[in-house]
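Peer 1: Here you go, this is work17.txt (compact mmCIF, C-alpha atoms).
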```
# COMPACT_ATOMS: atom_id res chain seq x y z
CA MET H 1402 0.00 0.00 0.00
CA SER H 1403 1.44 3.37 -0.98
CA SER H 1404 1.19 6.57 0.99
CA PRO H 1405 -0.67 9.53 -0.54
CA GLU H 1406 2.55 11.44 -1.20
CA GLU H 1407 3.83 8.52 -3.30
CA ASN H 1408 0.73 8.44 -5.50
CA GLN H 1409 1.12 10.08 -8.85
CA GLY H 1410 -0.42 10.32 -12.24
CA THR H 1411 -3.96 10.01 -13.44
CA LEU H 1412 -5.93 6.89 -14.22
CA VAL H 1413 -8.81 7.00 -16.69
CA LEU H 1414 -10.96 4.01 -15.85
CA GLY H 1415 -13.73 3.04 -18.25
CA VAL H 1416 -16.22 0.83 -16.45
CA GLY H 1417 -19.23 -1.10 -17.60
CA ASN H 1418 -20.49 -4.17 -19.35
CA GLU H 1419 -20.45 -4.04 -23.15
CA LEU H 1420 -23.05 -6.84 -23.27
CA MET H 1421 -25.62 -4.57 -21.58
CA ARG H 1422 -26.03 -1.89 -24.28
CA ASP H 1423 -25.40 1.61 -22.81
CA ASP H 1424 -23.73 0.21 -19.70
CA GLY H 1425 -20.71 -0.41 -21.96
CA VAL H 1426 -20.14 3.27 -22.75
CA GLY H 1427 -17.31 3.65 -20.23
CA THR H 1428 -15.37 0.82 -21.83
CA PHE H 1429 -16.12 2.20 -25.30
CA VAL H 1430 -14.80 5.67 -24.40
CA ALA H 1431 -11.71 4.23 -22.68
CA ARG H 1432 -10.83 2.13 -25.73
CA GLN H 1433 -10.95 5.26 -27.89
CA LEU H 1434 -8.72 7.10 -25.42
CA GLN H 1435 -6.20 4.22 -25.39
CA ALA H 1436 -5.47 5.04 -29.03
CA GLU H 1437 -4.48 8.61 -28.10
CA SER H 1438 -1.46 10.04 -26.37
CA LEU H 1439 -2.77 11.66 -23.20
CA GLY H 1440 0.68 12.14 -21.73
CA PRO H 1441 3.19 10.09 -19.74
CA GLU H 1442 1.35 10.62 -16.44
CA VAL H 1443 -1.98 9.23 -17.74
CA ALA H 1444 -2.96 5.55 -17.87
CA VAL H 1445 -6.18 4.33 -19.45
CA VAL H 1446 -7.88 1.06 -18.47
CA ALA H 1447 -10.99 -0.24 -20.23
CA GLY H 1448 -13.44 -2.88 -19.15
CA ALA H 1449 -13.59 -2.94 -15.38
CA THR H 1450 -16.98 -4.33 -14.37
CA SER H 1451 -16.68 -5.55 -10.79
CA GLY H 1452 -16.84 -2.98 -8.02
CA LEU H 1453 -14.15 -4.47 -5.83
CA ASP H 1454 -11.72 -4.70 -8.76
CA LEU H 1455 -11.90 -0.91 -9.04
CA ILE H 1456 -10.14 -0.55 -5.71
CA TRP H 1457 -7.00 -2.27 -6.92
CA GLU H 1458 -7.06 -0.51 -10.28
CA MET H 1459 -6.97 2.87 -8.46
CA GLU H 1460 -4.03 2.02 -6.21
CA GLY H 1461 -0.99 4.23 -6.78
CA TYR H 1462 -2.77 7.06 -8.62
CA ALA H 1463 -3.26 10.59 -7.37
CA ARG H 1464 -6.32 11.14 -9.58
CA VAL H 1465 -8.92 8.84 -11.11
CA VAL H 1466 -11.41 9.75 -13.82
CA LEU H 1467 -14.13 7.10 -13.94
CA VAL H 1468 -16.16 6.92 -17.14
CA ASP H 1469 -19.51 5.19 -16.87
CA ALA H 1470 -23.24 5.23 -17.50
CA ALA H 1471 -25.36 6.19 -14.50
CA ARG H 1472 -28.98 6.87 -13.75
CA MET H 1473 -29.05 10.52 -12.71
CA GLY H 1474 -32.62 11.46 -13.60
CA LEU H 1475 -31.56 13.18 -16.83
CA ALA H 1476 -32.60 12.72 -20.45
CA PRO H 1477 -30.84 9.77 -22.15
CA GLY H 1478 -27.49 10.91 -23.53
CA GLU H 1479 -26.99 13.82 -21.13
CA VAL H 1480 -23.45 13.96 -19.78
CA ARG H 1481 -22.37 15.17 -16.35
CA GLN H 1482 -19.11 15.55 -14.49
CA VAL H 1483 -19.78 14.30 -10.97
CA PRO H 1484 -17.24 15.05 -8.22
CA ARG H 1485 -16.56 12.45 -5.52
CA GLU H 1486 -18.64 14.20 -2.87
CA GLU H 1487 -21.78 14.09 -5.08
CA ILE H 1488 -21.56 10.48 -6.26
CA GLU H 1489 -23.88 9.03 -3.61
CA ASP H 1490 -26.52 11.74 -4.08
CA ARG H 1491 -26.57 12.00 -7.86
CA MET H 1492 -25.88 8.53 -9.21
CA VAL H 1493 -28.08 5.45 -8.95
CA PRO H 1494 -26.09 2.25 -9.64
CA LEU H 1495 -26.97 0.34 -12.81
CA ARG H 1496 -25.64 -2.95 -11.58
CA SER H 1497 -27.48 -5.63 -9.69
CA LEU H 1498 -28.11 -5.43 -5.97
CA HIS H 1499 -25.47 -8.04 -5.16
CA GLU H 1500 -22.73 -5.67 -6.34
CA LEU H 1501 -21.54 -2.62 -4.45
CA ALA H 1502 -22.51 0.90 -5.47
CA LEU H 1503 -19.68 3.18 -6.59
CA HIS H 1504 -19.77 5.29 -3.42
CA ASP H 1505 -19.45 2.09 -1.36
CA VAL H 1506 -16.45 0.98 -3.41
CA LEU H 1507 -14.79 4.37 -2.92
CA ASP H 1508 -15.47 4.23 0.83
CA LEU H 1509 -13.88 0.76 1.00
CA ALA H 1510 -10.90 2.01 -1.01
CA GLU H 1511 -10.39 4.85 1.46
CA LEU H 1512 -10.53 2.40 4.36
CA SER H 1513 -7.80 0.42 2.57
CA GLY H 1514 -5.64 3.53 2.25
CA ILE H 1515 -6.41 4.06 -1.44
CA ALA H 1516 -7.86 7.54 -1.72
CA PRO H 1517 -7.12 9.29 -5.01
CA GLU H 1518 -9.04 12.37 -6.09
CA VAL H 1519 -12.02 10.91 -7.99
CA VAL H 1520 -14.32 12.44 -10.55
CA VAL H 1521 -16.86 10.63 -12.70
CA VAL H 1522 -17.77 11.44 -16.28
CA ALA H 1523 -21.21 9.89 -16.57
CA VAL H 1524 -23.92 9.69 -19.19
CA GLU H 1525 -27.59 8.94 -18.64
CA PRO H 1526 -28.31 5.61 -20.37
CA ALA H 1527 -31.29 5.03 -22.62
CA GLU H 1528 -31.18 1.24 -22.38
CA VAL H 1529 -29.41 -1.15 -20.02
CA LEU H 1530 -30.58 -4.52 -21.30
CA PRO H 1531 -28.80 -7.50 -22.81
CA GLY H 1532 -27.45 -6.56 -26.21
CA GLU H 1533 -24.42 -5.05 -27.85
CA GLY H 1534 -23.83 -1.53 -29.07
CA LEU H 1535 -24.76 1.86 -27.72
CA THR H 1536 -28.16 3.41 -28.29
CA PRO H 1537 -28.22 6.45 -30.60
CA ALA H 1538 -28.63 8.89 -27.67
CA VAL H 1539 -25.58 7.57 -25.82
CA ALA H 1540 -23.49 7.14 -28.99
CA ALA H 1541 -24.16 10.82 -29.74
CA ALA H 1542 -22.83 11.72 -26.26
CA VAL H 1543 -19.47 10.00 -26.72
CA PRO H 1544 -17.69 13.07 -28.23
CA GLU H 1545 -18.73 15.16 -25.21
CA MET H 1546 -17.52 12.45 -22.84
CA LEU H 1547 -14.18 12.28 -24.67
CA ARG H 1548 -13.84 16.08 -24.51
CA LEU H 1549 -14.57 16.14 -20.77
CA VAL H 1550 -12.08 13.37 -20.01
CA ARG H 1551 -9.35 15.05 -22.08
CA THR H 1552 -9.96 18.32 -20.23
CA LEU H 1553 -9.83 16.62 -16.83
CA VAL H 1554 -6.57 14.77 -17.50
CA THR H 1555 -4.81 17.92 -18.71
CA GLN H 1556 -5.80 19.98 -15.66
CA THR H 1557 -3.15 20.26 -13.00
```
What do you get writing this file as structure tokens?

Peer 2:
Amino acid sequence: MSSPEENQGTLVLGVGNELMRDDGVGTFVARQLQAESLGPEVAVVAGATSGLDLIWEMEGYARVVLVDAARMGLAPGEVRQVPREEIEDRMVPLRSLHELALHDVLDLAELSGIAPEVVVVAVEPAEVLPGEGLTPAVAAAVPEMLRLVRTLVTQT
């Protein structure tokens, strides 16, 4: 376990399940970002789906930008930047009840000594059902999500 002063760099973590339509948007965005050069201090990981796995992915980073779909009470395809302190209030988990909500995962990470600065780039899904591919509303939001992530990783 590293101490906070040893943590460095930024992790972009695309989460979601590509077999559940819009839930796969985080992975889709992360794969696009992996093809770009975001700088030597930025790592991009695509495809994390299990809440507890997120804890270990975040270890060693000073900042984490999570990219995901989340029910926020918005119109499908609307994108929001959600800071850590608003995650519990603004985001309803898409996953099943036997998995942990994101705010619970972040609380467990902090208890384990893993406490990077966290921000979420989230989009309101139109459909989270078995199937592949993003719905038109969420696909249209991908450029805005990419822009937001690029802005966040270049901020100091």

Peer 1: Go through H:Leu1414, H:Asn1408, H:Val1466, H:Asp1424 and flag the residue nearest H:Val1445, using only C-alpha atoms for the distances.

Peer 2: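 The closest residue to H:Val1445 is H:Leu1414.
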
Peer 1: To one decimal place, how far is atom CA of H:Val1506 from atom CA of H:Ala1470 in Å?

Peer 2: 16.2 Å

Peer 1: From the options H:Val1465, H:Leu1453, H:Val1519, H:Val1483, which residue's atoms come nearest to H:Ala1502, counting only C-alpha atoms?

Peer 2: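 Residue with the minimum atom-to-atom distance to H:Ala1502: H:Leu1453.
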
Peer 1: Near H:Leu1467, counting only C-alpha atoms, which residues have an atom at most 9 Å away, once you skip same-chain residues fewer than 5 positions from it, shown as a PyMOL selection string?

Peer 2: chain H and resi 1412-1416+1427+1519-1523+1550

Peer 1: For atom CA of H:Ala1463 and atom CA of H:Asn1418, quote the distance in Å rounded to one decimal.

Peer 2: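 Going from atom CA of H:Ala1463 over to atom CA of H:Asn1418 covers 25.7 Å.
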
Peer 1: Quote the spacing between atom CA of H:Pro1484 and atom CA of H:Met1421 in Å to one decimal place.

Peer 2: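 Between these atoms lies a distance of 25.2 Å.
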
Peer 1: With only C-alpha atoms as the counted atoms, please give the residues lying no more than 8 Å from H:Pro1477, apart from itself and same-chain residues fewer than 3 positions off, as an MDAnalysis selection string.

Peer 2: chainID H and resid 1524:1527 1538:1539

Peer 1: Name the closest residue to H:Phe1429 among the candidates H:Glu1511, H:Glu1458, H:Asp1469, H:Glu1518; distances are taken between atoms, counting all atoms listed in the file.

Peer 2: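 Using all atoms listed in the file, H:Phe1429 sits closest to H:Asp1469.
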
Peer 1: Which one of H:Thr1428, H:Gln1433, H:Thr1411, H:Gln1482 sits closest to H:Val1554 if you count all atoms listed in the file?

Peer 2: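 Selected residue with least distance to H:Val1554: H:Thr1411.
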
Peer 1: Taking all atoms listed in the file into account, which of H:Ile1488, H:Val1529, H:Leu1535, H:Ala1540 comes nearest H:Leu1507?

Peer 2: H:Ile1488

Peer 1: Compile the contact shell of H:Leu1547 as a ChimeraX atom specification: residues with an atom at most 10 Å away, counting only C-alpha atoms, same-chain residues fewer than 3 positions apart removed.

Peer 2: /H:1430-1431,1433-1434,1468,1522,1542-1544,1550-1553

Peer 1: Hey, which of H:Glu1479, H:Glu1545, H:Glu1419, H:Glu1533 ends up closest to H:Ala1447? Count all atoms listed in the file.

Peer 2: H:Glu1419
